[in-house]
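Asks: Here it is, the structure in full.
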Amino acid sequence: MSTKPQALEGVKVVEMLGNYGAIVVHVESHGRPDGFRLEYPPYKDGIAGINRSGCFALFNDSKYGVTVDVKKPEGLELARRLTDWADVVIENMRPGVMARLGLGYDEVSKTNPHLVMLSTCNMGQTGPRAHTPGFGSQLSSLAGFCGAIGEQDGPPMLLYGPYIDFIASVMGCSAVLAALDDSRHTGKGVLIDVSQYECGLHFMAGALLAYHRNGTIAERNGNRDVEAAPHGAYQCRNGSWLALSCWSDAEFTALAEALDCPATAEDPRFAGIEGRRENAQALDDALAEALRDRDAETTAEALQQAGVGAYPVNTIADLFSDLQLAERRSWRRRKHEEIGEQAYLMPGFDLSSTPGDIAHAAPILGGDNDVVFKDFLGLSEAEFDAYAAKEAFN
Amino acid sequence: MLAGYKVLDLSGRLGWLAGRILADLGADVIKIEPPGADLEEAEWRALNVNKRLLRLDPASPAGRQAIERMIARADILIETARPGEPADDWLAPERLSALNRKLIHVSITPFGRDGPRARWRGSDLEIMAAGGAMGLAGDPDGAPLRISVPQACSWAGAHAAAGALVALSHRTAGGDGQHVDVSAQASVVVALAHAPTFFDILGETPSRAGSHITGRSVHGAIYRAFWRCQDGYINFVIYGGPAGRRTNKALVAWMGEKGMDLGPLTDVDWDEFDPKLATQEEVDRIEAPLAAFFESIRKSEFLEGACAREMLGYPVSTVEDIAADPQLEARAFWQDLAVPDGAGERHCGPFFIADKERPAIRNPAADGSGDSAKILKDFGFSNNEIATLLGDPLMDMAMDVA
């Protein structure tokens with residue numbers, strides 16, 4: 001892409017754009033740096049520091065970092081110069097904060113009518129709970145995800161991290177790109193309001209429609225499935241786990257053959273997919289026994305050869321040696337000034353003729369003030385120095 | 001915003017959300033399904049609403065020929081063919097690009113189109129396992145778990161829509177179309193947040209989180225995340241930091257208003273309390289009266305009360321709770337559509353509000369008998385061709401369109 005979307009705030013949306021050539025500027029201030037810099041480990045060598053958070057870095061590769069103190073008139077002026085320069089502004093402050101700063105869409109679109117602005121927060125810009133603060137990790141409970149994990153008779157389970165935030169950022173990215181395309185054709189931008197909660201509900205859309213149609217309530221049910229049986233994760237040798245599923249009698253026969261357990265194949269309780277679902281616990285027990293001393297990797301290969309869906313349950317460490325992720329180069333190492341070499345993650349898609357990349361490591365706080373304000377926005381040395389003297393870059 | 005763009009959606013479950021997102025953003029998305037395919041399932045309907053339906057069989061020579069003619073006029077094609085499946089060779093990227101060099105061809109597969117395991121079978125379970133999500137969910141002493149409502153297809157679909165639009169951006173700037181290769185597995189990895197970075201820079205391997213918060217106390221104390229309440233569970237954690245302190249104080253005040261026994265909470269100075277330094281004994285002492293409070297209230301009461309007090313924490317909602325949430329009502333999130341049998345169907349509306357208005361769903365995902373003919377007409381098929389393709393019973397319909 002040859003355009004220059006950029007962000008005032010936000011995490012993943014803008015990063016993806018940066019992976020495909022957009023100039024993405026992450027705006028912070030020394031008084032209020034991005035919370036991910038100081039509140040979330042892991043830190044380099046386990047020691048916290050403003051430029052040492054691997055968590056902040058992971059979500060902010062391929063961006064430029066600037067600092068602007070919007071509490072000073074000169075800082076606000078710089079923010080306005082950024083919004084005049086940009087094609088896209090992404091912000092995730094509490095609703096109304098941008099407008100109070102004079103950076104609301106109604107104001108900034110007067111001088112930049114083609115601007116696309118994405119405002120994203122927990123609940124959206126309107127509604128009785130618009131101003132409620134919240135963490136994405138807990139919002140994942142409100143949107144139904146945590147209640148849908150766990151055993152049927154056990155408690156809900158946590159998702160690691162703010163699961164729902166990443167749904168909203170990838171969907172928000174699509175909204176921004178569609179609006180940008182429209183703006184290129186019409187010259188007119190748009191204000192987009194994305195609620196992270198609502199985006200998450202699109203990942204529950206089928207279950208929600210089922211409830212609205214006939215009152216069916218989706219419940220957590222371990223690894224069981226309404227169709228397939230067996231359908232679960234089984235412990236293998238050395239503490240590893242193997243996920244596998246059978247969707248037909250033929251697959252089940254192939255499974256039993258590949259695992260060399262004819263007794264399971266011939267057990268009348270497991271004849272037919274309904275029988276296997278009804279006797280799921282007995283079937284799981286039989287498979288647990290058959291898999292306990294096997295190697296998860298080679299068993300997955302054997303099952304796939306036999307036409308049965310199976311994959312080792314990748315641990316976090318395994319993700320760095322997974323053959324398919326390696327094939328795609330999903331992880332790309334870039335050198336960060338303070339963190340050193342770090343693996344950054346590509347999106348789940350890639351393009352054949354204009355492939356993406358991790359352009360560079362995450363920015364250090366205010367590290368790109370020079371290049372952004374002088375080279376991109378065209379401030380002269382004298383102008384830049386004057387702003388610096390007024391502490392606009394603090 | 002995408003008005004005027006034509007999207008052909010040949011996808012199976014893995015791709016449905018991609019087309020739904022593009023349709024919500026204004027594109028004319030045409031879902032192609034063979035005659036006789038069951039379109040009643042809630043999943044299908046929820047994710048194919050807002051698309052127009054064309055009944056054609058891609059497995060038949062005539063159907064395929066017609067689809068190829070449509071591809072020549074389409075902007076985006078979404079498909080989920082299995083790599084290496086001979087029956088799907090006609091969807092090879094080189095072939096499609098020869099049919100239409102401006103075409104954006106989005107292929108969505110469990111593990112990507114290339115690589116040693118590209119041909120592996122993967123349903124939701126295997127993709128969540130391969131993407132690392134199961135390794136992080138479930139009780140540390142139990143099995144790794146998936147989310148019971150399948151998620152892998154949604155991650156793949158959401159990434160596919162974004163990928164299609166990045167490619168569209170290149171085309172609008174003067175470039176050609178291209179192939180967008182989406183791996184569901186790689187899409188799921190994004191959901192793991194910063195867990196991989198612990199391994200990458202510190203050599204630590206985060207594992208199954210269970211239902212408690214661990215790793216926050218230097219003394220190894222664990223904190224509860226889920227609390228039983230009158231009608232289910234509430235997700236609440238004793239956090240530190242400004243928002244945590246505000247939340248803890250507000251909760252104790254709320255308990256006081258309700259006349260609850262505060263017990264040891266009376267003596268806690270929340271400005272001093274640091275979850276990082278607490279021992280398990282201290283945590284247990286503090287958590288006991290909280291448990292009694294949560295058991296006395298309902299989920300909806302907590303949601304309203306916590307919001308009014310600007311506290312962190314949310315109920316663990318079921319679809320029933322979500323359906324009754326006033327926030328969604330106020331933002332007109334739900335959209336009711338009429339379906340042919342007369343009953344209404346309540347769908348999630350488009351996922352965004354543009355210039356203060358949520359767009360309306362334009363197509364009901366219904367098998368309207370005239371849709372197929374109208375769509376073929378739009379793609380330049382003659383009345384005779386339409387009649388031949390759709391069979392005689394639809395002849396009249398095709399003529400009506402003319």
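Here's how to read the names in the structure tokens: chain A, B, ... by the order shown, residue numbers from 1 in each chain, ligand numbers from 1 in the order shown.
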Residues at most 12 Å from Asp385 (chain A), counting only C-alpha atoms, excluding those fewer than 6 positions away in the same chain, as a ChimeraX atom specification?

Replies: /A:74,369-370,373-374,379,391-393

Asks: Write the residues of the selection above to a file with N, CA and C atoms, as a short mmCIF file (atom, residue, chain, number, x, y, z; two decimals), in the first residue's frame.

Replies:
```cif
data_model
loop_
_atom_site.label_atom_id
_atom_site.label_comp_id
_atom_site.auth_asym_id
_atom_site.auth_seq_id
_atom_site.Cartn_x
_atom_site.Cartn_y
_atom_site.Cartn_z
N GLU A 74 0.87 23.62 22.32
CA GLU A 74 1.76 23.29 21.21
C GLU A 74 1.70 21.80 20.88
N ASN A 369 10.36 10.76 16.82
CA ASN A 369 9.86 12.14 16.70
C ASN A 369 10.50 12.88 15.53
N ASP A 370 11.80 12.72 15.37
CA ASP A 370 12.51 13.40 14.29
C ASP A 370 11.97 13.03 12.92
N PHE A 373 8.05 13.93 12.40
CA PHE A 373 7.67 15.33 12.29
C PHE A 373 8.46 16.09 11.23
N LYS A 374 9.71 15.73 11.02
CA LYS A 374 10.49 16.45 10.00
C LYS A 374 10.28 15.83 8.62
N LEU A 379 8.13 19.43 9.07
CA LEU A 379 8.54 20.53 9.95
C LEU A 379 10.00 20.91 9.69
N GLU A 391 8.25 22.11 25.08
CA GLU A 391 8.00 20.78 25.67
C GLU A 391 6.78 20.08 25.07
N ALA A 392 6.55 20.32 23.78
CA ALA A 392 5.41 19.70 23.10
C ALA A 392 5.61 18.21 22.89
N PHE A 393 6.88 17.77 22.90
CA PHE A 393 7.16 16.34 22.67
C PHE A 393 7.27 15.55 23.98
#
```

Asks: Step one, run DSSP on the backbone; step two, keep only residues of region 159-325 of chain A assigned to alpha helix (DSSP H); then write them as a short mmCIF file (atom, residue, chain, number, x, y, z; two decimals) with N, CA and C atoms, in the first residue's frame.

Replies:
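File produced: result21.cif:
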```cif
data_model
loop_
_atom_site.label_atom_id
_atom_site.label_comp_id
_atom_site.auth_asym_id
_atom_site.auth_seq_id
_atom_site.Cartn_x
_atom_site.Cartn_y
_atom_site.Cartn_z
N TYR A 163 -8.53 -12.02 25.09
CA TYR A 163 -8.94 -12.70 23.85
C TYR A 163 -9.76 -11.80 22.93
N ILE A 164 -10.77 -11.16 23.49
CA ILE A 164 -11.73 -10.42 22.67
C ILE A 164 -11.09 -9.18 22.01
N ASP A 165 -10.05 -8.63 22.62
CA ASP A 165 -9.39 -7.46 22.03
C ASP A 165 -8.88 -7.77 20.62
N PHE A 166 -8.42 -8.98 20.45
CA PHE A 166 -7.81 -9.32 19.16
C PHE A 166 -8.87 -9.57 18.09
N ILE A 167 -10.07 -9.95 18.53
CA ILE A 167 -11.18 -10.08 17.58
C ILE A 167 -11.51 -8.68 17.06
N ALA A 168 -11.65 -7.75 18.01
CA ALA A 168 -12.02 -6.39 17.63
C ALA A 168 -10.95 -5.75 16.75
N SER A 169 -9.68 -6.06 17.01
CA SER A 169 -8.67 -5.38 16.20
C SER A 169 -8.64 -5.93 14.78
N VAL A 170 -8.85 -7.22 14.61
CA VAL A 170 -8.81 -7.71 13.22
C VAL A 170 -10.07 -7.29 12.47
N MET A 171 -11.21 -7.26 13.15
CA MET A 171 -12.43 -6.79 12.46
C MET A 171 -12.37 -5.28 12.22
N GLY A 172 -11.86 -4.56 13.20
CA GLY A 172 -11.69 -3.12 13.02
C GLY A 172 -10.79 -2.80 11.85
N CYS A 173 -9.79 -3.64 11.64
CA CYS A 173 -8.86 -3.47 10.52
C CYS A 173 -9.64 -3.53 9.20
N SER A 174 -10.56 -4.47 9.09
CA SER A 174 -11.37 -4.57 7.87
C SER A 174 -12.23 -3.33 7.68
N ALA A 175 -12.82 -2.83 8.76
CA ALA A 175 -13.65 -1.63 8.65
C ALA A 175 -12.83 -0.45 8.16
N VAL A 176 -11.62 -0.32 8.70
CA VAL A 176 -10.73 0.78 8.29
C VAL A 176 -10.37 0.66 6.81
N LEU A 177 -10.02 -0.53 6.38
CA LEU A 177 -9.60 -0.72 4.99
C LEU A 177 -10.76 -0.46 4.02
N ALA A 178 -11.97 -0.87 4.40
CA ALA A 178 -13.13 -0.63 3.55
C ALA A 178 -13.41 0.88 3.47
N ALA A 179 -13.33 1.54 4.62
CA ALA A 179 -13.58 2.98 4.65
C ALA A 179 -12.52 3.74 3.87
N LEU A 180 -11.29 3.26 3.95
CA LEU A 180 -10.19 3.90 3.23
C LEU A 180 -10.40 3.78 1.72
N ASP A 181 -10.85 2.62 1.30
CA ASP A 181 -11.11 2.41 -0.13
C ASP A 181 -12.21 3.35 -0.60
N ASP A 182 -13.24 3.47 0.20
CA ASP A 182 -14.36 4.37 -0.13
C ASP A 182 -13.87 5.81 -0.19
N SER A 183 -13.04 6.18 0.78
CA SER A 183 -12.53 7.54 0.84
C SER A 183 -11.66 7.86 -0.38
N ARG A 184 -10.93 6.88 -0.87
CA ARG A 184 -10.11 7.10 -2.06
C ARG A 184 -10.97 7.36 -3.29
N HIS A 185 -12.13 6.73 -3.33
CA HIS A 185 -13.02 6.94 -4.48
C HIS A 185 -13.85 8.20 -4.35
N THR A 186 -14.27 8.54 -3.14
CA THR A 186 -15.22 9.64 -2.97
C THR A 186 -14.58 10.89 -2.36
N GLN A 196 -15.80 -3.50 21.13
CA GLN A 196 -15.08 -4.78 21.20
C GLN A 196 -16.03 -5.91 21.59
N TYR A 197 -16.97 -5.59 22.44
CA TYR A 197 -17.99 -6.54 22.87
C TYR A 197 -18.78 -7.07 21.65
N GLU A 198 -19.25 -6.14 20.83
CA GLU A 198 -20.06 -6.55 19.68
C GLU A 198 -19.26 -7.37 18.68
N CYS A 199 -18.01 -6.99 18.48
CA CYS A 199 -17.17 -7.79 17.57
C CYS A 199 -17.07 -9.22 18.09
N GLY A 200 -16.85 -9.34 19.40
CA GLY A 200 -16.74 -10.66 20.00
C GLY A 200 -18.01 -11.48 19.76
N LEU A 201 -19.15 -10.82 19.83
CA LEU A 201 -20.41 -11.56 19.66
C LEU A 201 -20.53 -12.15 18.26
N HIS A 202 -19.86 -11.56 17.29
CA HIS A 202 -19.87 -12.16 15.95
C HIS A 202 -19.16 -13.52 15.94
N ALA A 205 -21.96 -15.88 16.88
CA ALA A 205 -23.20 -15.55 16.15
C ALA A 205 -24.14 -16.75 16.00
N GLY A 206 -23.59 -17.93 15.68
CA GLY A 206 -24.44 -19.11 15.49
C GLY A 206 -25.15 -19.48 16.78
N ALA A 207 -24.41 -19.47 17.89
CA ALA A 207 -24.99 -19.82 19.19
C ALA A 207 -26.06 -18.80 19.59
N LEU A 208 -25.83 -17.53 19.26
CA LEU A 208 -26.81 -16.50 19.59
C LEU A 208 -28.08 -16.66 18.76
N LEU A 209 -27.92 -16.98 17.48
CA LEU A 209 -29.10 -17.18 16.65
C LEU A 209 -29.88 -18.41 17.12
N ALA A 210 -29.15 -19.45 17.50
CA ALA A 210 -29.83 -20.66 17.98
C ALA A 210 -30.67 -20.33 19.22
N TYR A 211 -30.13 -19.49 20.08
CA TYR A 211 -30.91 -19.09 21.27
C TYR A 211 -32.15 -18.29 20.85
N HIS A 212 -31.95 -17.34 19.96
CA HIS A 212 -33.08 -16.51 19.54
C HIS A 212 -34.14 -17.32 18.81
N ARG A 213 -33.72 -18.38 18.12
CA ARG A 213 -34.69 -19.19 17.37
C ARG A 213 -35.50 -20.08 18.28
N ASN A 214 -34.80 -20.80 19.19
CA ASN A 214 -35.57 -21.77 19.98
C ASN A 214 -35.12 -21.90 21.43
N ASP A 249 -18.09 -43.14 10.38
CA ASP A 249 -17.73 -44.51 10.75
C ASP A 249 -16.39 -44.89 10.11
N ALA A 250 -16.21 -44.45 8.86
CA ALA A 250 -14.98 -44.81 8.16
C ALA A 250 -13.77 -44.23 8.89
N GLU A 251 -13.90 -43.00 9.36
CA GLU A 251 -12.78 -42.39 10.10
C GLU A 251 -12.53 -43.12 11.41
N PHE A 252 -13.61 -43.55 12.06
CA PHE A 252 -13.44 -44.26 13.33
C PHE A 252 -12.74 -45.61 13.11
N THR A 253 -13.14 -46.31 12.06
CA THR A 253 -12.49 -47.58 11.74
C THR A 253 -11.01 -47.36 11.46
N ALA A 254 -10.72 -46.31 10.69
CA ALA A 254 -9.32 -46.00 10.37
C ALA A 254 -8.53 -45.65 11.62
N LEU A 255 -9.18 -44.94 12.55
CA LEU A 255 -8.52 -44.56 13.81
C LEU A 255 -8.15 -45.81 14.60
N ALA A 256 -9.13 -46.70 14.78
CA ALA A 256 -8.89 -47.90 15.58
C ALA A 256 -7.79 -48.75 14.95
N GLU A 257 -7.78 -48.80 13.64
CA GLU A 257 -6.76 -49.58 12.94
C GLU A 257 -5.38 -48.94 13.14
N ALA A 258 -5.32 -47.62 12.96
CA ALA A 258 -4.02 -46.94 13.08
C ALA A 258 -3.49 -47.03 14.51
N PRO A 262 -8.22 -53.13 17.96
CA PRO A 262 -9.40 -53.74 17.33
C PRO A 262 -10.57 -53.89 18.30
N ALA A 263 -10.27 -54.07 19.60
CA ALA A 263 -11.37 -54.25 20.57
C ALA A 263 -12.26 -53.03 20.61
N THR A 264 -11.65 -51.84 20.48
CA THR A 264 -12.43 -50.60 20.49
C THR A 264 -13.29 -50.51 19.24
N ALA A 265 -12.70 -50.90 18.11
CA ALA A 265 -13.44 -50.85 16.86
C ALA A 265 -14.64 -51.77 16.89
N GLU A 266 -14.48 -52.92 17.58
CA GLU A 266 -15.56 -53.92 17.56
C GLU A 266 -16.55 -53.77 18.72
N ILE A 273 -22.14 -43.37 14.89
CA ILE A 273 -21.68 -42.13 15.51
C ILE A 273 -22.55 -41.78 16.73
N GLU A 274 -23.81 -42.15 16.70
CA GLU A 274 -24.66 -41.87 17.86
C GLU A 274 -24.24 -42.69 19.08
N GLY A 275 -23.91 -43.94 18.82
CA GLY A 275 -23.41 -44.80 19.89
C GLY A 275 -22.14 -44.23 20.51
N ARG A 276 -21.28 -43.73 19.64
CA ARG A 276 -20.01 -43.16 20.15
C ARG A 276 -20.25 -41.89 20.95
N ARG A 277 -21.23 -41.11 20.51
CA ARG A 277 -21.54 -39.89 21.28
C ARG A 277 -22.15 -40.24 22.63
N GLU A 278 -23.06 -41.22 22.61
CA GLU A 278 -23.73 -41.61 23.86
C GLU A 278 -22.75 -42.22 24.86
N ALA A 280 -19.52 -41.56 25.08
CA ALA A 280 -18.31 -40.77 24.86
C ALA A 280 -17.27 -40.97 25.96
N GLN A 281 -17.74 -41.11 27.20
CA GLN A 281 -16.77 -41.24 28.29
C GLN A 281 -16.01 -42.56 28.18
N ALA A 282 -16.73 -43.64 27.91
CA ALA A 282 -16.08 -44.95 27.77
C ALA A 282 -15.12 -44.93 26.58
N LEU A 283 -15.53 -44.26 25.53
CA LEU A 283 -14.68 -44.16 24.34
C LEU A 283 -13.42 -43.35 24.66
N ASP A 284 -13.59 -42.24 25.37
CA ASP A 284 -12.44 -41.43 25.76
C ASP A 284 -11.48 -42.25 26.63
N ASP A 285 -12.03 -43.04 27.53
CA ASP A 285 -11.18 -43.87 28.40
C ASP A 285 -10.38 -44.87 27.57
N ALA A 286 -11.06 -45.49 26.60
CA ALA A 286 -10.37 -46.48 25.76
C ALA A 286 -9.25 -45.82 24.96
N LEU A 287 -9.54 -44.63 24.44
CA LEU A 287 -8.53 -43.94 23.64
C LEU A 287 -7.38 -43.43 24.51
N ALA A 288 -7.72 -42.99 25.72
CA ALA A 288 -6.67 -42.53 26.64
C ALA A 288 -5.67 -43.65 26.87
N GLU A 289 -6.21 -44.85 27.05
CA GLU A 289 -5.37 -46.03 27.26
C GLU A 289 -4.50 -46.31 26.03
N ALA A 290 -5.13 -46.22 24.86
CA ALA A 290 -4.42 -46.55 23.61
C ALA A 290 -3.34 -45.53 23.27
N LEU A 291 -3.51 -44.31 23.76
CA LEU A 291 -2.59 -43.24 23.35
C LEU A 291 -1.51 -42.92 24.37
N ALA A 296 3.04 -38.11 20.39
CA ALA A 296 1.97 -37.31 19.80
C ALA A 296 2.25 -36.95 18.34
N GLU A 297 3.49 -36.56 18.04
CA GLU A 297 3.84 -36.14 16.67
C GLU A 297 3.67 -37.28 15.67
N THR A 298 4.32 -38.43 15.97
CA THR A 298 4.27 -39.52 14.99
C THR A 298 2.87 -40.12 14.91
N THR A 299 2.12 -40.09 16.02
CA THR A 299 0.75 -40.61 15.97
C THR A 299 -0.13 -39.68 15.12
N ALA A 300 0.07 -38.38 15.25
CA ALA A 300 -0.70 -37.44 14.42
C ALA A 300 -0.41 -37.71 12.95
N GLU A 301 0.86 -37.93 12.62
CA GLU A 301 1.22 -38.22 11.22
C GLU A 301 0.54 -39.49 10.74
N ALA A 302 0.57 -40.54 11.59
CA ALA A 302 -0.04 -41.82 11.20
C ALA A 302 -1.55 -41.66 11.01
N LEU A 303 -2.19 -40.92 11.89
CA LEU A 303 -3.64 -40.74 11.78
C LEU A 303 -3.99 -39.94 10.54
N GLN A 304 -3.23 -38.90 10.27
CA GLN A 304 -3.50 -38.10 9.06
C GLN A 304 -3.32 -38.96 7.81
N GLN A 305 -2.29 -39.82 7.81
CA GLN A 305 -2.09 -40.75 6.70
C GLN A 305 -3.33 -41.62 6.50
N LEU A 323 5.87 -26.95 12.00
CA LEU A 323 6.28 -26.99 10.59
C LEU A 323 5.48 -26.04 9.71
N GLN A 324 4.20 -25.93 9.98
CA GLN A 324 3.38 -25.06 9.11
C GLN A 324 3.63 -23.58 9.40
N LEU A 325 3.77 -23.23 10.65
CA LEU A 325 4.06 -21.83 10.97
C LEU A 325 5.44 -21.44 10.44
#
```

Asks: So what do you get for CA of Ile147 (chain B) versus CA of Asp193 (chain A), distance-wise?

Replies: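 Interatomic distance here is 27.7 Å.
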
Asks: Using only C-alpha atoms, which of the listed residues (A:Asp260, A:Asp61, A:Asp322, A:Asp293) sits closest to chain B?

Replies: A:Asp322

Asks: Please provide as a PyMOL selection string all residues within 12 Å of region 315-320 of chain A, with the sequence filter that same-chain residues fewer than 4 positions apart are discarded (counting only C-alpha atoms).

Replies: (chain A and resi 160+239-242+297+311+324-333+343-345) or (chain B and resi 128-137+144+185-186+188-190+192-208)

Asks: Using only C-alpha atoms, please write the residues we just selected to a file, as a tab-separated table (two decimals), in the first residue's frame.

Replies:
```tsv
chain	number	residue	atom	x	y	z
A	160	TYR	CA	-5.12	-16.35	28.30
A	239	GLY	CA	3.30	-35.09	28.93
A	240	SER	CA	2.35	-34.16	25.38
A	241	TRP	CA	-1.25	-34.18	24.16
A	242	LEU	CA	-2.90	-35.14	20.89
A	297	GLU	CA	3.84	-36.14	16.67
A	311	TYR	CA	-2.78	-32.58	15.54
A	324	GLN	CA	3.38	-25.06	9.11
A	325	LEU	CA	4.06	-21.83	10.97
A	326	ALA	CA	7.70	-22.16	9.92
A	327	GLU	CA	6.64	-22.66	6.30
A	328	ARG	CA	4.70	-19.38	6.44
A	329	ARG	CA	7.42	-17.61	8.41
A	330	SER	CA	4.74	-16.57	10.88
A	331	TRP	CA	7.47	-15.57	13.36
A	332	ARG	CA	10.04	-13.06	12.17
A	333	ARG	CA	12.86	-11.90	14.37
A	343	ALA	CA	10.03	-12.80	17.38
A	344	TYR	CA	7.16	-10.79	15.89
A	345	LEU	CA	3.98	-12.37	14.57
B	128	MET	CA	-7.23	-24.76	18.04
B	129	ALA	CA	-4.65	-27.39	19.09
B	130	ALA	CA	-2.24	-26.46	16.29
B	131	GLY	CA	-2.67	-22.73	16.92
B	132	GLY	CA	-1.69	-23.06	20.58
B	133	ALA	CA	-5.07	-22.00	22.01
B	134	MET	CA	-5.81	-25.36	23.67
B	135	GLY	CA	-2.40	-25.35	25.28
B	136	LEU	CA	-3.52	-22.27	27.24
B	137	ALA	CA	-7.07	-23.30	28.18
B	144	PRO	CA	-6.22	-28.92	27.24
B	185	GLN	CA	-3.92	-22.09	12.43
B	186	ALA	CA	-1.82	-18.95	11.96
B	188	VAL	CA	-5.54	-18.47	15.89
B	189	VAL	CA	-2.01	-17.69	17.11
B	190	VAL	CA	-2.99	-14.00	17.24
B	192	LEU	CA	-2.80	-16.02	22.33
B	193	ALA	CA	-1.93	-12.43	23.20
B	194	HIS	CA	1.62	-12.10	24.48
B	195	ALA	CA	1.99	-15.68	25.79
B	196	PRO	CA	4.50	-16.61	23.03
B	197	THR	CA	6.72	-13.69	24.01
B	198	PHE	CA	7.31	-15.23	27.46
B	199	PHE	CA	8.91	-18.16	25.72
B	200	ASP	CA	10.65	-16.02	23.15
B	201	ILE	CA	12.45	-13.59	25.43
B	202	LEU	CA	12.51	-15.39	28.80
B	203	GLY	CA	12.33	-19.07	27.91
B	204	GLU	CA	9.18	-19.52	30.03
B	205	THR	CA	6.28	-21.58	28.68
B	206	PRO	CA	2.86	-20.29	29.79
B	207	SER	CA	0.44	-23.18	30.15
B	208	ARG	CA	-3.22	-23.84	30.93
```
